[in-house]
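**Q** Below you'll find final-v2.csv; it's CSV, C-alpha atoms.
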```csv
chain,number,residue,atom,x,y,z
X,20,MET,CA,-10.2,-18.4,-5.3
X,21,ARG,CA,-8.4,-19.4,-2.1
X,22,ILE,CA,-6.8,-16.2,-0.8
X,23,ALA,CA,-4.7,-15.4,2.2
X,24,VAL,CA,-4.2,-11.8,3.5
X,25,MET,CA,-0.9,-11.1,5.1
X,26,ALA,CA,-2.0,-9.2,7.1
X,27,ALA,CA,-5.5,-7.9,7.9
X,28,GLY,CA,-4.5,-4.3,8.5
X,29,ALA,CA,-5.9,-1.2,7.0
X,30,VAL,CA,-5.2,-2.2,3.4
X,31,GLY,CA,-5.3,-6.0,3.5
X,32,GLY,CA,-8.3,-6.1,5.8
X,33,TYR,CA,-10.3,-3.8,3.6
X,34,PHE,CA,-9.7,-5.7,0.3
X,35,GLY,CA,-9.8,-9.1,2.0
X,36,ALA,CA,-13.2,-8.3,3.4
X,37,ARG,CA,-14.6,-7.2,0.1
X,38,LEU,CA,-13.4,-10.4,-1.6
X,39,ALA,CA,-14.8,-12.6,1.2
X,40,ALA,CA,-18.2,-10.8,0.9
X,41,ALA,CA,-18.2,-11.7,-2.8
X,42,GLY,CA,-17.8,-15.4,-2.0
X,43,GLU,CA,-14.0,-16.0,-2.3
X,44,GLU,CA,-12.4,-18.2,0.4
X,45,VAL,CA,-10.4,-15.6,2.3
X,46,HIS,CA,-8.1,-16.4,5.3
X,47,VAL,CA,-6.8,-13.3,7.1
X,48,LEU,CA,-3.7,-13.3,9.3
X,49,ALA,CA,-3.6,-11.0,12.3
X,50,ARG,CA,-2.3,-11.0,15.9
X,51,GLY,CA,-3.0,-9.7,19.3
X,52,ALA,CA,-6.1,-7.7,20.1
X,53,HIS,CA,-6.9,-7.3,16.4
X,54,LEU,CA,-7.0,-11.1,15.9
X,55,GLU,CA,-9.1,-11.6,19.1
X,56,ALA,CA,-11.6,-8.9,18.0
X,57,ILE,CA,-11.9,-10.4,14.5
X,58,ARG,CA,-12.6,-13.9,15.9
X,59,ALA,CA,-15.1,-12.6,18.4
X,60,GLU,CA,-17.0,-9.9,16.4
X,61,GLY,CA,-15.9,-10.5,12.8
X,62,LEU,CA,-13.8,-8.3,10.4
X,63,ARG,CA,-15.7,-5.0,10.3
X,64,ILE,CA,-15.4,-2.4,7.6
X,65,GLU,CA,-16.8,1.2,7.8
X,66,SER,CA,-16.8,2.8,4.4
X,67,PRO,CA,-18.6,5.3,2.2
X,68,ARG,CA,-18.8,2.5,-0.3
X,69,GLY,CA,-20.8,0.4,2.2
X,70,ASP,CA,-20.2,-1.0,5.6
X,71,LEU,CA,-19.5,-4.7,5.9
X,72,VAL,CA,-19.0,-7.3,8.6
X,73,ILE,CA,-17.4,-10.7,7.8
X,74,ARG,CA,-18.6,-13.0,10.5
X,75,PRO,CA,-17.3,-15.5,11.2
X,76,ALA,CA,-14.0,-14.5,9.6
X,77,GLN,CA,-11.4,-17.1,8.9
X,78,ALA,CA,-8.7,-15.6,11.0
X,79,THR,CA,-5.4,-17.0,12.4
X,80,ASP,CA,-1.9,-16.0,13.4
X,81,ASP,CA,-0.4,-19.2,11.9
X,82,PRO,CA,0.1,-19.4,8.1
X,83,ALA,CA,0.7,-23.2,8.4
X,84,ALA,CA,-2.9,-23.6,9.6
X,85,ILE,CA,-4.1,-22.1,6.2
X,86,GLY,CA,-1.8,-24.0,3.9
X,87,PRO,CA,-1.2,-23.3,0.1
X,88,VAL,CA,-3.4,-20.7,-1.5
X,89,ASP,CA,-3.9,-19.2,-5.0
X,90,ILE,CA,-3.2,-15.6,-4.0
X,91,VAL,CA,-1.5,-13.9,-1.0
X,92,LEU,CA,-2.4,-10.3,-0.6
X,93,PHE,CA,0.8,-9.0,1.0
X,94,ALA,CA,0.1,-5.8,2.9
X,95,VAL,CA,2.4,-5.1,5.9
X,96,LYS,CA,4.5,-2.2,7.1
X,97,LEU,CA,7.7,-1.9,5.0
X,98,TRP,CA,10.0,-2.7,7.9
X,99,ASP,CA,8.2,-6.1,8.3
X,100,THR,CA,8.7,-7.1,4.7
X,101,GLU,CA,11.4,-9.8,5.3
X,102,ALA,CA,9.9,-11.2,8.4
X,103,ALA,CA,6.4,-11.4,7.0
X,104,GLY,CA,7.7,-12.7,3.7
X,105,ALA,CA,9.4,-15.6,5.4
X,106,LEU,CA,6.1,-16.4,7.2
X,107,CYS,CA,4.4,-16.7,3.8
X,108,LYS,CA,6.3,-19.9,2.9
X,109,PRO,CA,3.6,-22.3,4.1
X,110,LEU,CA,1.1,-20.5,1.9
X,111,LEU,CA,2.9,-21.3,-1.3
X,112,GLY,CA,1.8,-23.8,-3.8
X,113,ARG,CA,3.2,-24.4,-7.2
X,114,ASP,CA,1.6,-21.4,-8.8
X,115,THR,CA,0.8,-19.1,-5.8
X,116,ALA,CA,1.2,-15.4,-6.4
X,117,VAL,CA,2.2,-13.2,-3.5
X,118,VAL,CA,0.8,-9.8,-4.6
X,119,SER,CA,2.8,-7.0,-2.9
X,120,LEU,CA,0.7,-4.1,-2.0
X,121,LEU,CA,3.4,-2.3,0.0
X,122,ASN,CA,4.5,1.3,-0.3
X,123,GLY,CA,7.9,2.0,-1.8
X,124,VAL,CA,9.5,0.7,-5.0
X,125,ASP,CA,11.7,-2.2,-3.8
X,126,SER,CA,9.4,-4.5,-2.0
X,127,GLU,CA,9.0,-6.9,-4.9
X,128,GLU,CA,12.7,-7.5,-5.1
X,129,ARG,CA,13.0,-8.0,-1.4
X,130,LEU,CA,10.2,-10.6,-1.4
X,131,ALA,CA,11.6,-12.3,-4.5
X,132,ALA,CA,14.9,-12.9,-2.6
X,133,ILE,CA,12.9,-14.8,0.1
X,134,LEU,CA,10.1,-16.5,-1.8
X,135,GLY,CA,11.5,-16.8,-5.4
X,136,ARG,CA,10.7,-14.4,-8.2
X,137,GLU,CA,8.2,-16.7,-9.7
X,138,HIS,CA,5.9,-16.3,-6.7
X,139,VAL,CA,5.9,-12.5,-6.6
X,140,MET,CA,3.5,-10.2,-8.4
X,141,GLY,CA,3.7,-6.5,-8.2
X,142,GLY,CA,0.7,-4.5,-6.9
X,143,VAL,CA,-0.4,-1.0,-6.1
X,144,ALA,CA,-3.2,-0.2,-3.7
X,145,TYR,CA,-4.9,3.3,-3.7
X,146,ILE,CA,-6.9,3.6,-0.5
X,147,ALA,CA,-7.1,5.8,2.6
X,148,SER,CA,-7.9,3.5,5.5
X,149,THR,CA,-6.8,2.9,9.1
X,150,ILE,CA,-7.4,0.4,11.9
X,151,ALA,CA,-9.8,2.4,13.9
X,152,ALA,CA,-10.1,-0.2,16.7
X,153,PRO,CA,-9.3,-3.9,17.0
X,154,GLY,CA,-11.2,-5.7,14.3
X,155,LEU,CA,-12.4,-2.5,12.7
X,156,ILE,CA,-11.1,-1.0,9.4
X,157,ARG,CA,-12.3,2.6,8.6
X,158,HIS,CA,-12.1,3.7,5.0
X,159,THR,CA,-11.9,7.5,4.2
X,160,GLY,CA,-13.4,8.7,0.9
X,161,THR,CA,-14.5,6.4,-1.9
X,162,MET,CA,-11.1,5.6,-3.5
X,163,ALA,CA,-10.3,1.9,-3.2
X,164,ARG,CA,-8.3,0.7,-6.2
X,165,LEU,CA,-5.9,-2.2,-7.0
X,166,VAL,CA,-3.5,-2.4,-9.9
X,167,PHE,CA,-1.4,-5.6,-10.2
X,168,GLY,CA,0.7,-7.5,-12.8
X,169,GLU,CA,3.5,-10.0,-13.3
X,170,LEU,CA,7.0,-8.6,-12.8
X,171,ASP,CA,8.0,-9.8,-16.3
X,172,GLY,CA,5.1,-8.1,-18.0
X,173,THR,CA,3.3,-11.3,-19.1
X,174,ARG,CA,-0.5,-11.7,-18.9
X,175,SER,CA,-0.8,-14.8,-16.6
X,176,ARG,CA,-3.8,-16.9,-15.8
X,177,ARG,CA,-3.4,-16.2,-12.1
X,178,GLY,CA,-3.5,-12.5,-12.7
X,179,ALA,CA,-6.6,-12.8,-14.9
X,180,ALA,CA,-8.3,-14.9,-12.2
X,181,LEU,CA,-7.5,-12.3,-9.5
X,182,LEU,CA,-8.9,-9.6,-11.8
X,183,VAL,CA,-12.2,-11.5,-12.2
X,184,ALA,CA,-12.4,-12.0,-8.4
X,185,CYS,CA,-11.8,-8.3,-7.8
X,186,GLU,CA,-14.4,-7.3,-10.4
X,187,ARG,CA,-16.9,-9.7,-8.8
X,188,ALA,CA,-16.3,-8.0,-5.4
X,189,GLY,CA,-16.9,-4.6,-6.9
X,190,ILE,CA,-13.2,-3.6,-6.4
X,191,ASP,CA,-11.9,-1.1,-9.0
X,192,SER,CA,-9.0,-3.1,-10.4
X,193,GLN,CA,-6.6,-3.3,-13.3
X,194,LEU,CA,-4.3,-6.0,-14.6
X,195,THR,CA,-1.3,-4.3,-16.1
X,196,ASP,CA,1.7,-5.4,-18.2
X,197,ALA,CA,3.8,-2.5,-17.0
X,198,ILE,CA,3.8,-2.9,-13.2
X,199,ALA,CA,7.2,-1.2,-12.7
X,200,THR,CA,5.8,2.0,-14.1
X,201,GLU,CA,2.6,1.7,-12.0
X,202,LEU,CA,4.7,1.2,-8.9
X,203,TRP,CA,6.7,4.4,-9.6
X,204,ARG,CA,3.5,6.3,-10.4
X,205,LYS,CA,2.2,5.6,-7.0
X,206,PHE,CA,5.6,6.2,-5.4
X,207,VAL,CA,5.7,9.7,-6.9
X,208,LEU,CA,2.3,10.5,-5.3
X,209,LEU,CA,2.8,8.6,-2.0
X,210,ALA,CA,6.3,9.8,-1.1
X,211,ALA,CA,5.2,13.4,-1.7
X,212,PHE,CA,1.8,13.1,0.1
X,213,SER,CA,3.2,11.1,3.0
X,214,GLY,CA,6.1,13.5,3.5
X,215,VAL,CA,4.1,16.7,3.3
X,216,THR,CA,1.1,15.6,5.3
X,217,ALA,CA,3.4,14.3,8.0
X,218,LEU,CA,5.7,17.3,8.0
X,219,THR,CA,2.9,19.9,8.1
X,220,ARG,CA,0.5,17.8,10.2
X,221,GLN,CA,-2.2,18.8,7.8
X,222,ALA,CA,-4.7,17.0,5.5
X,223,ALA,CA,-5.2,17.3,1.8
X,224,GLY,CA,-7.8,20.1,2.0
X,225,ALA,CA,-5.5,22.4,4.1
X,226,ILE,CA,-2.5,21.7,1.9
X,227,ARG,CA,-4.2,22.5,-1.4
X,228,ALA,CA,-5.8,25.6,0.1
X,229,GLU,CA,-2.5,27.1,1.3
X,230,PRO,CA,-0.3,28.3,-1.7
X,231,TRP,CA,3.0,27.7,0.1
X,232,ALA,CA,2.0,24.2,1.1
X,233,ARG,CA,0.6,23.3,-2.3
X,234,ARG,CA,3.9,24.4,-3.9
X,235,LEU,CA,5.9,22.4,-1.4
X,236,PHE,CA,3.8,19.3,-2.3
X,237,LEU,CA,4.2,19.8,-6.1
X,238,ASP,CA,8.0,20.4,-5.7
X,239,ALA,CA,8.1,17.1,-3.7
X,240,VAL,CA,6.3,15.3,-6.6
X,241,ALA,CA,8.6,16.8,-9.2
X,242,GLU,CA,11.7,15.5,-7.3
X,243,VAL,CA,10.5,11.9,-7.1
X,244,ALA,CA,9.4,11.9,-10.8
X,245,ALA,CA,12.9,13.2,-11.8
X,246,VAL,CA,14.6,10.4,-9.8
X,247,GLY,CA,12.3,7.8,-11.5
X,248,ARG,CA,13.1,9.1,-15.0
X,249,ALA,CA,16.8,9.1,-14.2
X,250,ARG,CA,16.4,5.4,-13.3
X,251,GLY,CA,14.8,4.7,-16.7
X,252,ILE,CA,11.2,4.6,-15.6
X,253,ALA,CA,8.8,6.0,-18.2
X,254,LEU,CA,7.1,8.8,-16.3
X,255,ASP,CA,5.2,11.4,-18.3
X,256,THR,CA,6.5,15.0,-17.9
X,257,ALA,CA,2.9,16.1,-17.3
X,258,MET,CA,2.8,14.0,-14.1
X,259,VAL,CA,3.3,16.9,-11.8
X,260,ALA,CA,0.2,18.7,-13.1
X,261,GLU,CA,-1.8,15.5,-13.1
X,262,ILE,CA,-1.0,14.8,-9.5
X,263,GLY,CA,-1.8,18.4,-8.6
X,264,ALA,CA,-5.2,17.7,-10.1
X,265,THR,CA,-5.4,14.5,-8.0
X,266,LEU,CA,-4.7,16.5,-4.9
X,267,ASP,CA,-7.7,18.7,-5.7
X,268,ARG,CA,-9.9,15.7,-5.9
X,269,LEU,CA,-8.9,14.0,-2.6
X,270,PRO,CA,-11.2,14.1,0.4
X,271,ALA,CA,-10.4,17.2,2.4
X,272,GLU,CA,-9.7,15.1,5.5
X,273,MET,CA,-7.4,12.6,3.8
X,274,ARG,CA,-3.9,12.2,5.2
X,275,ALA,CA,-1.3,9.6,4.4
X,276,SER,CA,-0.9,6.6,6.7
X,277,MET,CA,2.6,8.0,7.8
X,278,ALA,CA,0.9,11.1,9.0
X,279,VAL,CA,-1.5,9.0,11.0
X,280,ASP,CA,1.3,6.9,12.4
X,281,LEU,CA,3.2,10.1,13.4
X,282,GLU,CA,0.1,11.4,15.3
X,283,ARG,CA,-0.3,8.0,17.1
X,284,GLY,CA,3.4,7.8,18.0
X,285,ASN,CA,4.0,4.8,15.8
X,286,ARG,CA,7.0,3.9,13.9
X,287,LEU,CA,7.2,5.6,10.4
X,288,GLU,CA,7.9,4.3,7.0
X,289,LEU,CA,10.1,7.4,6.4
X,290,ASP,CA,13.3,5.5,5.4
X,291,TRP,CA,11.4,3.8,2.5
X,292,LEU,CA,9.6,7.0,1.4
X,293,SER,CA,11.4,10.4,1.6
X,294,GLY,CA,14.5,8.6,2.8
X,295,ALA,CA,14.5,6.4,-0.3
X,296,VAL,CA,14.0,9.3,-2.6
X,297,VAL,CA,17.1,11.0,-1.1
X,298,ARG,CA,19.2,7.8,-1.5
X,299,LEU,CA,18.0,7.0,-5.0
X,300,GLY,CA,18.5,10.7,-6.0
X,301,GLU,CA,22.1,10.6,-4.7
X,302,ALA,CA,22.8,7.5,-6.7
X,303,ALA,CA,21.3,9.0,-9.9
X,304,GLY,CA,22.8,12.4,-9.4
X,305,VAL,CA,19.4,14.1,-9.0
X,306,PRO,CA,19.0,16.8,-6.3
X,307,THR,CA,16.2,16.1,-3.8
X,308,PRO,CA,16.2,19.1,-1.4
X,309,VAL,CA,12.5,18.9,-0.4
X,310,HIS,CA,12.7,15.2,0.5
X,311,ARG,CA,16.0,15.8,2.3
X,312,VAL,CA,14.3,18.4,4.6
X,313,ILE,CA,11.3,16.0,5.1
X,314,ALA,CA,13.6,13.1,6.0
X,315,ALA,CA,15.7,15.3,8.4
X,316,ALA,CA,12.7,16.9,10.1
X,317,LEU,CA,10.8,13.6,10.7
X,318,SER,CA,13.9,11.5,11.5
X,319,PHE,CA,13.4,12.4,15.2
X,320,TYR,CA,10.1,10.5,15.1
X,321,ALA,CA,11.0,7.6,12.7
X,322,GLN,CA,11.1,5.0,15.5
X,323,GLY,CA,7.9,6.2,17.1
X,324,ARG,CA,7.6,7.4,20.7
```
Take the structure in the file and give it back as C-alpha cells.
**A**
Amino acid sequence: MRIAVMAAGAVGGYFGARLAAAGEEVHVLARGAHLEAIRAEGLRIESPRGDLVIRPAQATDDPAAIGPVDIVLFAVKLWDTEAAGALCKPLLGRDTAVVSLLNGVDSEERLAAILGREHVMGGVAYIASTIAAPGLIRHTGTMARLVFGELDGTRSRRGAALLVACERAGIDSQLTDAIATELWRKFVLLAAFSGVTALTRQAAGAIRAEPWARRLFLDAVAEVAAVGRARGIALDTAMVAEIGATLDRLPAEMRASMAVDLERGNRLELDWLSGAVVRLGEAAGVPTPVHRVIAAALSFYAQGR
C-alpha cells in the first residue's frame, strides 16, 4: 500500500515505521528538528517489541510532494485537527481513506467537514509512546494496537487491505463494523487516565497502589461511560470493572501523553478530554464532578508554559 503519515509523532511515527519495515511504501510528514533528524539518521524506534531504524525514511513537510495515497494515518494533536486536515487534501485520491487516530470522540466529524465524509475512516490507537528526541520514538510497554473501520459500518476493500498490511507488519489490529462504540470505549479509558495521571502527576503503578487514587480513577471512568450511554452509545455496564482490570495490567511507569505534556510544559489536550466530558455531560444532563475538578485544576496549564 501507499501510505502517508500525518504526522510522524509518537503515534504515527511508531505505526508508520512498523509498516515501512514490512515493505509498505510509507511517506512520513514532519517538520523542524524532527524532520531534519529523520532525514539525517532515519526514523528510529525504541520499543520492547523490538528496536527499529527506517533509513532512509521518505520524509517531507510538503504533502504535495507525496501526492495521492491509499491510506493516510492521521495522528496529530487535537488542536491541529483542522489545519492538518486541510493539509491532507493533496494526499487524496478517489478512494483514499484518512484514518483518524486522534484522541477524543469528535475528530472524525471535524475531518469529514474538511475532506468529505467518504474519505474519513474512524480509528483507535492503543499505545504509550513519546518523541524522546528528534527522530526518535520511544515506546513504553508492549501494547501497540490499532482498531479501525468505516463510519457507516460497512466492510470496505480499503479497510480490509489496511488490515492485511498491519498484520504483515506484526501490528495487533482489528477491522470493526462498530467504530463509534470503539471510539467511545477508548475515550472512557483515555479521558480518565489522562486526567488522573496529569492531575496527580503519577503513573499507573502509583495510582493503582493508592486506594484513594484508584477510586478517583474508577469514578472518572464511570462518569465518561454514563455520558456515552446517555448519548446512545452501547457501553457495557461492566466497563468500569473491566477498565479497573486494565489499569492493573498497565506498565507501572505508564502515563498518558497529557501527563507527559504537562511535565514538559507543552499545550494540553484538556479541552477535548475532561473538558469535553463536562460539556457533553451538561448537554446530556449527566453530572461529571470528577472531570469538572480535573478540568478546573489543569486549566491553568492548558496552554503550556
**Q** In terms of the shortest atom-to-atom distance over only C-alpha atoms, which of X:Val305, X:Val24, X:Ala222, X:Leu237 is closest to Leu48 in chain X?
**A**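 Selected residue with least distance to Leu48 in chain X: X:Val24.
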**Q** Counting only C-alpha atoms, figure out which residue out of X:Leu208, X:Ala253, X:Ala239, X:Ala264 gets nearest to Arg227 in chain X.
**A** X:Ala264
**Q** For Leu155 in chain X, work out the shell of residues within 9 Å, counting all atoms listed in the file and skipping chain neighbours fewer than 6 positions away, then give it as a PyMOL selection string.
**A** chain X and resi 29+32+53+56-57+61-65+149
**Q** Quote the spacing between CA of Thr100 in chain X and CA of Ile252 in chain X in Å to one decimal place.
**A**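 According to the coordinates, CA of Thr100 in chain X and CA of Ile252 in chain X are separated by 23.6 Å.
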**Q** If I take CA of Gly304 in chain X and CA of Ala211 in chain X, how far is one from the other in Å, to one decimal?
**A**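 CA of Ala211 in chain X lies 19.2 Å from CA of Gly304 in chain X.
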**Q** Excluding Val166 in chain X and residues on its chain fewer than 2 positions from it, collect all residues at most 7 Å away from it, counting only C-alpha atoms, and give them as a list in words.
**A**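 Selected residues are Gly142, Val143, Ala144, Arg164, Ser192, Gln193, Leu194 and Thr195 of chain X.
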**Q** Could you state the separation of CA of Ala83 in chain X and CA of Glu127 in chain X in Å, given to one decimal place?
**A**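 Straight-line distance from CA of Ala83 in chain X to CA of Glu127 in chain X works out to 22.6 Å.
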**Q** Restricting the calculation to all atoms listed in the file: of X:Leu130, X:Leu254, X:Val279, X:Ala199, which residue gets closest to Ala151 in chain X?
**A**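 The answer is X:Val279, which sits nearest to Ala151 in chain X.
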**Q** Just the residues within 10 Å of Ile313 in chain X, please, counting all atoms listed in the file, with nothing from its chain fewer than 6 positions along; format it as a list in words.
**A**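 Non-adjacent residues within range: Ala211, Ser213, Gly214, Val215, Ala217, Leu218, Thr219, Ala239, Leu289, Leu292, Ser293, Gly294 and Val297 of chain X.
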**Q** Kindly indicate which residue among X:Gln322, X:Ser126, X:Gln221, X:Ser66 lies nearest to Ala275 in chain X, using only C-alpha atoms for the distances.
**A**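 Selected residue with least distance to Ala275 in chain X: X:Gln221.
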